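Step one of this worksheet: look at the structure below.
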Amino acid sequence: MESSFRGEVMKVLLHGCNGKMGQVLTKIISEIKDMTVVCGVDKEPLRFKNEYPVYPSLLEVKEDVDVVIDFSNHVCLNSLLDFGLNKKAALVICTTGFSQEEKQQMKDASRSIPIFHSANMSVGINLLMALVKEAAKKLYQDFDIEIIEKHHNQKLDSPSGTALMLADAINEGLNNELEYIYGRHSKTQKREKRELGLHAIRGGSIVGEHQVIFAGAGEVIELNHNALSRDVFAYGAVRAARFMYGKEPGMYNMQDVLK
Ligand SMILES: NC(=O)C1=CN([C@@H]2O[C@H](COP(=O)(O)OP(=O)(O)OC[C@H]3O[C@@H](n4cnc5c(N)ncnc54)[C@H](OP(=O)(O)O)[C@@H]3O)[C@@H](O)[C@H]2O)C=CC1
Ligand SMILES: O=C(O)C1=N[C@H](C(=O)O)C[C@H](O)C1
């Protein structure tokens with residue numbers, strides 16, 4: 001998909017710039033000619049020596065900004081939306097762990113500004129969403145469906161935003177009949193047909209692995225996605241920022257970017 005961004009240098013604010021994803025993006029954007037990080041915002045502004053100014057709060061930002069790329073924490077949503085609304089900047093929100101109410105807040109704000117949100121910026125996961133939706137439609141009658149996700153030991157939210165996105169894609173294909181079960185413990189009854197189990201593993205430096213299991217009688221189908229480095233998410237965020245530049249107000253996601 002072509003972006004509406006032409007011939008100028010796009011001014012990016014990195015929100016959460018001193019986090020793991022913020023630092024990967026800092027490096028990747030520094031190598032892109034038509035994009036520049038004009039400033040960053042992070043709870044700990046002095047953690048790294050960045051080549052751009054870093055503020056402890058969005059309220060202190062002085063620079064002109066075209067697009068905010070956000071990899072921070074869901075608790076920042078109010079200040080992020082206020083910033084976007086005041087400065088008329090497009091928001092590329094890649095953070096996960098939002099409640100339903102927070103997602104509704106995003107939708108409300110998107111009546112005035114363009115807002116992108118996706119729990120996974122990789123091309124592969126967004127293709128996998130379509131595959132598991134189709135597979136679920138064909139297999140559900142005879143196969144039980146479960147999702148396992150694995151991430152590093154610093155991750156705050158579980159299950160991952162991606163696991164929930166995959167579950168929602170599956171459930172959409174099945175008229176939203178499924179009930180999500182978050183890990184099984186202290187159970188004394190067998191699995192019910194309409195359960196969709198979501199299971200989170202946390203350890204070491206695992207970047208992000210998602211496995212969708214279709215388990216039938218005597219056979220199992222597994223669809224896996226493994227992110228081998230954070231670069232894949234950062235390149236996706238850059239692609240989304242290009243797509244969002246100059247867009248009309250509304251909610252957008254990775255499916256729109258990849259169309
Ligand atoms: N959509 C996608 O493809 C991906 C999404 N993510 C999501 O992005 C988010 C960030 O991930 P990651 O970079 O690994 O996490 P990190 O914890 O490494 O980075 C988050 C950064 O944001 C900072 N921060 C937290 N709260 C605030 C605040 N109120 N104001 C300003 N800065 C704040 C953190 O500071 P401090 O450390 O001091 O709290 C930290 O520097 C997570 O929600 C994660 O799930 C991650 C990878 C891919
Ligand atoms: O926190 C992470 O690291 C990741 N979070 C996203 C999620 O919650 O799905 C995406 C990716 O798997 C990495």
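Scheme for the structure tokens: letters A, B, ... for chains in order shown; per-chain residue numbers from 1; ligand numbers from 1 in order shown.
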Report as a ChimeraX atom specification: the residues of segment 46-152 of chain A with a DSSP assignment of strand (DSSP E), based on the backbone of this structure. /A:54-55,67-70,90-93,114-117,144-151
Just want the residues within 7 Å of ligand 2, written as a list in words, counting only C-alpha atoms and all ligand atoms.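 The neighbouring residues of ligand 2 are, in order, Thr96, Ala119, Asn120, His151, His152, Lys155, Asp157, Ser160, Gly161, Thr162, Ala163, Val207, Gly208 and Glu209 of chain A.
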Please produce a file of the residues just selected, as a compact mmCIF listing (two decimals), in the first residue's frame, where the atoms kept are N, CA, C and O atoms.
# COMPACT_ATOMS: atom_id res chain seq x y z
N THR A 96 0.40 -2.94 24.14
CA THR A 96 -0.65 -3.94 24.38
C THR A 96 -1.16 -3.80 25.81
O THR A 96 -0.67 -2.97 26.58
N ALA A 119 -1.74 -5.05 18.05
CA ALA A 119 -0.94 -5.72 19.08
C ALA A 119 0.25 -6.44 18.46
O ALA A 119 1.11 -6.95 19.20
N ASN A 120 0.30 -6.51 17.15
CA ASN A 120 1.47 -7.15 16.53
C ASN A 120 1.73 -6.53 15.17
O ASN A 120 0.86 -6.51 14.30
N HIS A 151 6.84 -15.48 25.83
CA HIS A 151 7.56 -14.20 25.79
C HIS A 151 8.62 -14.12 26.88
O HIS A 151 8.60 -14.90 27.83
N HIS A 152 9.48 -13.13 26.75
CA HIS A 152 10.56 -12.82 27.71
C HIS A 152 10.01 -12.54 29.11
O HIS A 152 8.83 -12.22 29.28
N LYS A 155 7.98 -9.12 30.26
CA LYS A 155 6.68 -8.72 29.72
C LYS A 155 5.65 -8.52 30.84
O LYS A 155 5.55 -9.35 31.74
N ASP A 157 2.10 -7.77 30.43
CA ASP A 157 0.72 -8.25 30.23
C ASP A 157 0.68 -9.71 29.79
O ASP A 157 1.52 -10.18 29.03
N SER A 160 -0.66 -12.35 25.88
CA SER A 160 -0.16 -11.30 25.00
C SER A 160 -1.31 -10.70 24.18
O SER A 160 -2.32 -11.36 23.92
N GLY A 161 -1.10 -9.46 23.73
CA GLY A 161 -2.09 -8.83 22.86
C GLY A 161 -2.28 -9.64 21.59
O GLY A 161 -3.40 -9.75 21.06
N THR A 162 -1.21 -10.24 21.11
CA THR A 162 -1.30 -11.03 19.86
C THR A 162 -2.15 -12.28 20.07
O THR A 162 -2.96 -12.63 19.20
N ALA A 163 -1.97 -12.94 21.22
CA ALA A 163 -2.77 -14.15 21.50
C ALA A 163 -4.25 -13.78 21.50
O ALA A 163 -5.10 -14.50 20.95
N VAL A 207 11.59 -13.54 22.27
CA VAL A 207 11.08 -12.31 21.64
C VAL A 207 9.55 -12.36 21.51
O VAL A 207 8.86 -11.38 21.82
N GLY A 208 9.03 -13.50 21.06
CA GLY A 208 7.57 -13.62 20.91
C GLY A 208 7.22 -14.82 20.05
O GLY A 208 7.60 -14.86 18.87
N GLU A 209 6.56 -15.80 20.65
CA GLU A 209 6.17 -17.01 19.90
C GLU A 209 4.68 -17.26 20.12
O GLU A 209 4.20 -17.17 21.26
Give the residues close to ligand 1, within 7 Å, counting only C-alpha atoms and all ligand atoms; write them as an MDAnalysis selection string. chainID A and resid 15:22 41:44 56:57 71:76 94:97 118:122 155 157 160:161 230 233
Skipping near chain neighbours, those fewer than 3 positions away, what residues fall within 9 Å of segment 250-256 of chain A using only C-alpha atoms, listed as a PyMOL selection string? chain A and resi 1+106-107+109-118+120-123+126-127+236+240+243-244+247+259
Would you kindly return, as a PDB file with N, CA, C and O atoms, in the first residue's frame, each protein, DNA or RNA residue with an atom no farther than 8 Å from any atom of Asp231 of chain A, considering only C-alpha atoms and excluding same-chain residues fewer than 4 positions away?
ATOM      1  N   VAL A  24      15.154  -0.080  19.657  1.00  0.00           N
ATOM      2  CA  VAL A  24      15.291  -0.713  18.327  1.00  0.00           C
ATOM      3  C   VAL A  24      14.836   0.278  17.245  1.00  0.00           C
ATOM      4  O   VAL A  24      15.494   0.451  16.213  1.00  0.00           O
ATOM      5  N   LEU A  25      13.720   0.967  17.518  1.00  0.00           N
ATOM      6  CA  LEU A  25      13.211   1.948  16.542  1.00  0.00           C
ATOM      7  C   LEU A  25      14.166   3.124  16.377  1.00  0.00           C
ATOM      8  O   LEU A  25      14.335   3.645  15.270  1.00  0.00           O
ATOM      9  N   TYR A 235      10.125  -2.536  11.991  1.00  0.00           N
ATOM     10  CA  TYR A 235       9.888  -2.262  10.570  1.00  0.00           C
ATOM     11  C   TYR A 235       8.388  -2.131  10.290  1.00  0.00           C
ATOM     12  O   TYR A 235       7.958  -1.310   9.473  1.00  0.00           O
TER      13      TYR A 235
END
Would you mind listing what lies within 12 Å of Ile221 of chain A as a PyMOL selection string, with only C-alpha atoms counted and same-chain residues fewer than 3 positions away left out? chain A and resi 132+135-136+139-140+142-147+211-218+224
Taking only C-alpha atoms into account, name the residue in A:Leu174, A:Leu131, A:Ile69, A:Leu223 that is nearest to Leu91 of chain A.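 For Leu91 of chain A, the nearest of the given residues is A:Ile69.
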Can you check which residues of segment 68-232 of chain A DSSP gives as alpha helix (DSSP H) on the backbone and send them as a ChimeraX atom specification? /A:77-87,100-109,123-139,161-173,231-232
Close residues, Asp66 of chain A itself excluded, 8 Å, only C-alpha atoms, min 3 positions apart in chain, as a list in words: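 Here the qualifying residues turn out to be Met10, Lys11, Val12, Leu13, Ala89, Ala90 and Tyr245 of chain A.
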